[in-house]
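Student: So here's entry21.txt (compact mmCIF, C-alpha atoms).
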# COMPACT_ATOMS: atom_id res chain seq x y z
CA MET A 29 -121.60 -191.58 -85.85
CA PRO A 30 -119.08 -191.22 -83.03
CA PRO A 31 -120.61 -191.41 -79.54
CA ALA A 32 -121.40 -188.11 -77.97
CA THR A 33 -118.65 -186.96 -75.66
CA ARG A 34 -119.65 -186.17 -72.13
CA ALA A 35 -118.70 -182.79 -70.80
CA TRP A 36 -116.04 -182.93 -68.08
CA ARG A 37 -117.45 -182.36 -64.64
CA PHE A 38 -115.58 -181.51 -61.50
CA PRO A 39 -115.63 -184.61 -59.21
CA THR A 40 -117.73 -183.03 -56.50
CA HIS A 41 -118.43 -186.42 -54.92
CA TRP A 42 -114.81 -186.44 -53.66
CA ILE A 43 -115.13 -183.14 -51.81
CA GLY A 44 -116.57 -184.80 -48.70
CA VAL A 45 -113.56 -187.10 -48.20
CA ALA A 46 -110.94 -184.60 -49.37
CA PRO A 47 -110.25 -183.29 -45.81
CA PHE A 48 -109.57 -186.85 -44.66
CA PHE A 49 -107.01 -187.50 -47.39
CA ILE A 50 -105.38 -184.10 -46.86
CA PHE A 51 -105.16 -184.72 -43.12
CA ALA A 52 -103.78 -188.25 -43.62
CA ILE A 53 -101.14 -187.08 -46.11
CA MET A 54 -100.00 -184.08 -44.04
CA PHE A 55 -100.00 -185.62 -40.57
CA LEU A 56 -99.52 -189.35 -41.16
CA ILE A 57 -98.01 -190.29 -44.51
CA LEU A 58 -95.50 -187.46 -44.99
CA PRO A 59 -94.18 -187.53 -41.37
CA THR A 60 -93.84 -191.31 -41.57
CA LEU A 61 -91.87 -191.06 -44.82
CA TYR A 62 -89.71 -188.33 -43.28
CA LEU A 63 -88.88 -190.57 -40.32
CA MET A 64 -88.16 -193.57 -42.52
CA ILE A 65 -85.82 -191.57 -44.73
CA GLY A 66 -84.10 -189.95 -41.74
CA ALA A 67 -83.48 -193.38 -40.19
CA PHE A 68 -81.13 -194.19 -43.10
CA GLN A 69 -79.27 -190.87 -43.11
CA ASN A 70 -76.48 -189.34 -41.08
CA VAL A 71 -76.09 -185.73 -39.99
CA ALA A 72 -74.69 -184.79 -43.40
CA GLY A 73 -77.68 -186.34 -45.16
CA ASP A 74 -75.73 -189.28 -46.63
CA PHE A 75 -77.11 -192.82 -46.74
CA THR A 76 -76.02 -195.00 -43.83
CA LEU A 77 -77.03 -198.11 -41.92
CA GLU A 78 -75.35 -197.02 -38.69
CA ASN A 79 -78.64 -195.90 -37.13
CA ILE A 80 -80.30 -199.25 -37.84
CA VAL A 81 -77.30 -201.14 -36.48
CA ALA A 82 -77.40 -198.93 -33.37
CA LEU A 83 -80.86 -200.30 -32.58
CA PHE A 84 -79.14 -203.48 -31.38
CA GLN A 85 -77.30 -201.67 -28.59
CA PRO A 86 -78.07 -203.24 -25.18
CA ASN A 87 -79.97 -200.23 -23.80
CA ILE A 88 -82.13 -199.86 -26.91
CA ARG A 89 -82.84 -203.60 -27.07
CA ALA A 90 -83.76 -203.50 -23.38
CA ALA A 91 -86.12 -200.57 -24.03
CA TYR A 92 -87.84 -202.46 -26.84
CA TRP A 93 -88.12 -205.57 -24.68
CA ILE A 94 -89.68 -203.68 -21.74
CA SER A 95 -92.13 -201.95 -24.09
CA ILE A 96 -93.09 -205.27 -25.65
CA LYS A 97 -93.64 -206.84 -22.23
CA VAL A 98 -95.76 -203.93 -20.96
CA SER A 99 -97.77 -203.86 -24.18
CA PHE A 100 -98.27 -207.63 -24.18
CA ALA A 101 -99.31 -207.80 -20.52
CA SER A 102 -101.72 -204.86 -20.76
CA SER A 103 -103.20 -206.10 -24.04
CA VAL A 104 -103.83 -209.67 -22.84
CA LEU A 105 -105.21 -208.63 -19.43
CA GLY A 106 -107.24 -205.82 -21.00
CA ALA A 107 -108.64 -208.16 -23.64
CA LEU A 108 -109.66 -210.86 -21.15
CA ILE A 109 -111.27 -208.42 -18.69
CA GLY A 110 -112.90 -206.44 -21.50
CA LEU A 111 -114.26 -209.62 -23.09
CA ALA A 112 -115.83 -210.68 -19.80
CA ILE A 113 -117.46 -207.25 -19.41
CA ALA A 114 -118.69 -207.28 -23.02
CA ILE A 115 -120.23 -210.75 -22.69
CA ALA A 116 -121.92 -209.71 -19.44
CA ILE A 117 -123.55 -206.59 -20.89
CA VAL A 118 -124.55 -208.23 -24.21
CA ARG A 119 -125.57 -211.77 -23.26
CA GLY A 120 -125.73 -211.65 -19.47
CA GLY A 121 -129.37 -210.63 -19.21
CA LEU A 122 -128.54 -207.30 -17.58
CA PRO A 123 -130.81 -204.24 -17.94
CA ASN A 124 -130.34 -202.23 -21.13
CA TRP A 125 -129.30 -199.11 -19.23
CA ILE A 126 -126.20 -200.92 -17.92
CA ARG A 127 -125.11 -201.67 -21.48
CA SER A 128 -125.68 -198.07 -22.54
CA ALA A 129 -123.84 -196.69 -19.52
CA THR A 130 -120.93 -199.12 -19.95
CA LEU A 131 -120.50 -198.38 -23.66
CA THR A 132 -120.71 -194.64 -23.05
CA PHE A 133 -118.08 -194.80 -20.32
CA SER A 134 -115.90 -197.10 -22.45
CA GLY A 135 -115.99 -194.67 -25.36
CA VAL A 136 -114.77 -191.87 -23.08
CA ALA A 137 -112.26 -193.88 -21.01
CA SER A 138 -110.61 -195.46 -24.08
CA ASN A 139 -109.43 -191.96 -25.07
CA PHE A 140 -108.43 -190.84 -21.57
CA ALA A 141 -104.65 -190.90 -21.26
CA GLY A 142 -101.65 -188.67 -20.80
CA ILE A 143 -100.90 -186.49 -17.77
CA PRO A 144 -104.47 -186.56 -16.32
CA LEU A 145 -104.45 -190.38 -16.29
CA ALA A 146 -100.99 -190.52 -14.72
CA PHE A 147 -102.03 -188.05 -12.01
CA ALA A 148 -105.23 -190.02 -11.37
CA PHE A 149 -103.28 -193.22 -10.72
CA LEU A 150 -100.70 -191.46 -8.59
CA ALA A 151 -103.56 -190.06 -6.51
CA THR A 152 -105.11 -193.53 -6.32
CA LEU A 153 -102.23 -196.00 -6.08
CA GLY A 154 -99.30 -193.79 -5.16
CA ARG A 155 -97.59 -194.17 -1.79
CA LEU A 156 -100.11 -191.72 -0.32
CA GLY A 157 -102.88 -192.51 -2.79
CA LEU A 158 -106.48 -193.01 -1.74
CA ALA A 159 -106.62 -196.75 -2.42
CA THR A 160 -103.19 -197.30 -0.86
CA VAL A 161 -104.15 -195.49 2.35
CA LEU A 162 -107.53 -197.25 2.58
CA LEU A 163 -105.99 -200.70 2.11
CA ASN A 164 -103.39 -199.97 4.77
CA THR A 165 -105.82 -198.36 7.24
CA VAL A 166 -108.87 -200.61 6.88
CA PHE A 167 -107.36 -203.97 5.94
CA GLY A 168 -103.80 -203.56 7.17
CA ILE A 169 -102.40 -204.29 3.70
CA ASN A 170 -99.39 -202.24 2.66
CA ILE A 171 -99.02 -202.95 -1.05
CA TYR A 172 -95.68 -201.14 -1.21
CA ALA A 173 -94.30 -203.32 1.56
CA HIS A 174 -95.18 -206.33 -0.62
CA GLY A 175 -93.16 -205.01 -3.54
CA PHE A 176 -95.71 -203.02 -5.52
CA ASN A 177 -94.56 -199.75 -7.06
CA ILE A 178 -96.64 -197.52 -9.31
CA LEU A 179 -93.42 -196.46 -11.07
CA SER A 180 -92.59 -200.02 -12.12
CA PHE A 181 -93.53 -202.51 -14.84
CA TRP A 182 -96.75 -203.62 -13.13
CA GLY A 183 -97.62 -200.08 -12.12
CA LEU A 184 -97.46 -198.94 -15.75
CA THR A 185 -99.32 -202.06 -16.90
CA ILE A 186 -102.17 -201.42 -14.45
CA THR A 187 -102.32 -197.79 -15.58
CA TYR A 188 -102.56 -198.86 -19.22
CA LEU A 189 -105.45 -201.17 -18.34
CA TYR A 190 -107.58 -198.09 -17.70
CA PHE A 191 -107.82 -197.40 -21.44
CA GLN A 192 -107.12 -200.92 -22.71
CA ILE A 193 -110.19 -202.50 -21.08
CA PRO A 194 -112.70 -199.90 -22.40
CA LEU A 195 -111.15 -200.09 -25.87
CA MET A 196 -111.62 -203.87 -25.83
CA VAL A 197 -115.26 -203.44 -24.81
CA VAL A 198 -115.94 -200.94 -27.60
CA ILE A 199 -114.36 -203.15 -30.28
CA ILE A 200 -115.58 -206.60 -29.21
CA VAL A 201 -119.23 -205.74 -28.48
CA PRO A 202 -120.20 -205.63 -32.20
CA ALA A 203 -118.57 -209.05 -32.67
CA ILE A 204 -120.60 -210.50 -29.80
CA ASP A 205 -123.74 -208.86 -31.18
CA GLY A 206 -123.03 -210.65 -34.47
CA ILE A 207 -123.49 -214.08 -32.86
CA LYS A 208 -126.93 -215.13 -34.11
CA LYS A 209 -129.50 -216.52 -31.70
CA GLU A 210 -130.38 -219.13 -34.32
CA TRP A 211 -126.99 -220.76 -33.78
CA GLY A 212 -127.76 -221.36 -30.10
CA GLU A 213 -131.24 -222.64 -30.91
CA ALA A 214 -129.85 -224.99 -33.55
CA ALA A 215 -127.20 -226.29 -31.14
CA ALA A 216 -129.84 -226.88 -28.44
CA THR A 217 -132.06 -228.68 -30.95
CA LEU A 218 -129.19 -231.00 -31.81
CA GLY A 219 -128.70 -231.77 -28.12
CA ALA A 220 -125.59 -229.70 -27.46
CA THR A 221 -124.95 -228.47 -23.95
CA GLN A 222 -124.22 -224.81 -23.22
CA TRP A 223 -120.53 -225.58 -22.83
CA GLN A 224 -120.46 -227.46 -26.15
CA TYR A 225 -122.20 -224.53 -27.85
CA TRP A 226 -119.63 -222.08 -26.53
CA ARG A 227 -116.67 -224.36 -27.24
CA ASN A 228 -117.66 -225.41 -30.77
CA VAL A 229 -119.57 -222.36 -32.02
CA VAL A 230 -119.06 -219.14 -30.05
CA ILE A 231 -115.35 -219.39 -29.27
CA PRO A 232 -114.30 -220.31 -32.85
CA VAL A 233 -116.38 -217.41 -34.21
CA LEU A 234 -115.05 -214.89 -31.68
CA TRP A 235 -111.47 -216.15 -31.73
CA PRO A 236 -110.29 -214.16 -34.79
CA SER A 237 -111.93 -210.99 -33.43
CA PHE A 238 -110.36 -211.59 -30.01
CA LEU A 239 -106.87 -212.16 -31.39
CA GLY A 240 -107.18 -209.18 -33.71
CA THR A 241 -108.25 -206.94 -30.85
CA VAL A 242 -105.39 -208.17 -28.65
CA ILE A 243 -102.97 -207.19 -31.41
CA LEU A 244 -104.65 -203.78 -31.75
CA LEU A 245 -104.38 -203.24 -27.99
CA PHE A 246 -100.71 -204.21 -28.18
CA ALA A 247 -100.08 -201.55 -30.84
CA ASN A 248 -102.11 -199.03 -28.84
CA ALA A 249 -99.97 -199.55 -25.73
CA PHE A 250 -96.68 -199.82 -27.59
CA GLY A 251 -96.93 -196.29 -28.95
CA ALA A 252 -98.22 -194.59 -25.78
CA ILE A 253 -95.79 -192.05 -24.35
CA ALA A 254 -97.63 -189.25 -22.52
CA THR A 255 -98.98 -191.47 -19.74
CA ALA A 256 -95.71 -193.37 -19.28
CA TYR A 257 -93.56 -190.23 -19.30
CA ALA A 258 -95.84 -188.37 -16.86
CA LEU A 259 -96.06 -191.40 -14.56
CA THR A 260 -92.53 -192.79 -14.52
CA GLY A 261 -90.39 -190.09 -16.10
CA SER A 262 -87.09 -191.71 -17.05
CA SER A 263 -87.21 -194.37 -14.31
CA LEU A 264 -88.67 -196.95 -16.70
CA ASN A 265 -86.70 -197.36 -19.91
CA ILE A 266 -89.37 -197.91 -22.55
CA VAL A 267 -89.05 -197.13 -26.25
CA PRO A 268 -91.28 -194.00 -26.45
CA ILE A 269 -89.40 -192.34 -23.57
CA LEU A 270 -86.03 -193.31 -25.11
CA LEU A 271 -87.22 -191.88 -28.43
CA TYR A 272 -88.22 -188.64 -26.73
CA ALA A 273 -84.79 -188.41 -25.10
CA GLN A 274 -83.00 -188.97 -28.42
CA ILE A 275 -84.94 -186.33 -30.32
CA ARG A 276 -85.59 -183.69 -27.64
CA GLY A 277 -83.13 -184.42 -24.86
CA ASP A 278 -80.16 -182.22 -24.04
CA VAL A 279 -77.78 -185.11 -23.33
CA LEU A 280 -78.92 -187.90 -25.62
CA HIS A 281 -79.79 -185.67 -28.55
CA ASN A 282 -79.32 -187.72 -31.73
CA ALA A 283 -82.16 -187.02 -34.11
CA HIS A 284 -81.28 -189.66 -36.71
CA LEU A 285 -80.94 -192.39 -34.10
CA GLY A 286 -84.32 -191.21 -32.85
CA TYR A 287 -85.67 -191.60 -36.40
CA ALA A 288 -84.33 -195.16 -36.43
CA ILE A 289 -86.00 -195.92 -33.09
CA ALA A 290 -89.24 -194.47 -34.47
CA PHE A 291 -88.80 -196.59 -37.59
CA GLY A 292 -88.55 -199.68 -35.42
CA MET A 293 -91.73 -198.69 -33.61
CA ILE A 294 -93.50 -198.09 -36.93
CA PHE A 295 -92.38 -201.52 -38.14
CA ILE A 296 -93.69 -203.29 -35.01
CA THR A 297 -97.00 -201.40 -34.85
CA GLY A 298 -97.47 -201.71 -38.62
CA LEU A 299 -96.92 -205.47 -38.44
CA ALA A 300 -99.42 -205.65 -35.57
CA ASN A 301 -102.01 -203.74 -37.60
CA VAL A 302 -101.51 -206.05 -40.58
CA PHE A 303 -102.33 -209.04 -38.38
CA TYR A 304 -105.29 -207.14 -36.90
CA ILE A 305 -106.74 -206.48 -40.36
CA TRP A 306 -106.20 -210.11 -41.32
CA PHE A 307 -107.96 -211.45 -38.22
CA ARG A 308 -110.76 -208.91 -38.61
CA THR A 309 -111.33 -210.00 -42.21
CA ARG A 310 -111.58 -213.62 -41.09
CA SER A 311 -114.09 -212.77 -38.35
CA GLU A 312 -116.29 -210.65 -40.61
CA ARG A 313 -116.97 -213.64 -42.84
CA TRP A 314 -118.93 -215.22 -39.97
CA LEU A 315 -120.48 -212.09 -38.54
CA LYS A 316 -122.03 -210.66 -41.69
Could I get this file's structure written as structure tokens?

Tutor:
Amino acid sequence: MPPATRAWRFPTHWIGVAPFFIFAIMFLILPTLYLMIGAFQNVAGDFTLENIVALFQPNIRAAYWISIKVSFASSVLGALIGLAIAIAIVRGGLPNWIRSATLTFSGVASNFAGIPLAFAFLATLGRLGLATVLLNTVFGINIYAHGFNILSFWGLTITYLYFQIPLMVVIIVPAIDGIKKEWGEAAATLGATQWQYWRNVVIPVLWPSFLGTVILLFANAFGAIATAYALTGSSLNIVPILLYAQIRGDVLHNAHLGYAIAFGMIFITGLANVFYIWFRTRSERWLK
């Protein structure tokens, strides 16, 4: 006898994740495809490589280079400072309430950006900012006389650290929690010093997670525009501001060149995320 056929049932178990897929398709996948297609079209809609070739113009190459430098500096500094904070609150023997308070603040600060963050740093490190005035009044240190400028490369890098450091803390804490106490006890039983334990056990285990997080921080800074635009305007030629000028500007309006610039940003951030996923996969093999 043929097997009894099962009545078709509506896949209700997919209803819970349906909003996620709809949101991803409408606001991530389709816009990305639209930008990628527009990067290889001209105003008439014909296929062309002129927009891609235009990415090698000196001003666009300079914008990419400045963005890469700002992203690299903020990601490395943010990762190192965030790692030190994470190790202190997880393995430093501090009270539990400090860890809870730090993680809570990090979760909020990692999403604090845009115009409010730019205004906060202008009010803190601007020429008449609180920290600037205090340093000059109390300690006689005029940071602007020594070459510092909040509207410069290092000014933007320091501003980015505000959300880069907390993001590093949030991401790396689970990796540090995954280091088993038995590993330290085994190393001590075998006669290893604390430095040998960290050099031969902890650092190799955390290294993939650290590198992956640095790459994620790089991608996070590379695509930031609201903070940079509100802080520096057009005085610092970075890719997101150049992209904004090409798509929305009155003088530099060239939508398809803007699509090509966005395509270049997607390529760089996508490549960074591929490496992040690869490093994360390697680290999870040890931390499971």

Student: Which residue is closest to Asn265 of chain A? Choose from A:Ala247, A:Ile96, A:Ala300, A:Leu156 and count all atoms listed in the file.

Tutor: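 The closest residue to Asn265 of chain A is A:Ile96.
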
Student: If you measure from atom CA of Arg155 of chain A to atom CA of Asn170 of chain A, what distance in Å do you get, rounded to one decimal?

Tutor: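 Atom CA of Arg155 of chain A sits 9.4 Å away from atom CA of Asn170 of chain A.
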
Student: List the residues sitting within 9 Å of (-93.5, -190.1, -13.2) in the file's frame, using all atoms listed in the file, as a VMD selection string.

Tutor: chain A and resid 146 to 147 150 178 to 179 255 to 263

Student: Tell me which of A:Arg119, A:Tyr304, A:Leu184, A:Ile65 sits closest to Lys209 of chain A, counting all atoms listed in the file.

Tutor: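 For Lys209 of chain A, the nearest of the candidates is A:Arg119.
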
Student: Rank A:Phe167, A:Ile231, A:Thr132, A:Phe100 by their smallest atom-to-atom distance to Ile204 of chain A, using only C-alpha atoms, and report the top residue only.

Tutor: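 Between A:Phe167, A:Ile231, A:Thr132, A:Phe100, the residue approaching Ile204 of chain A most closely is A:Ile231.
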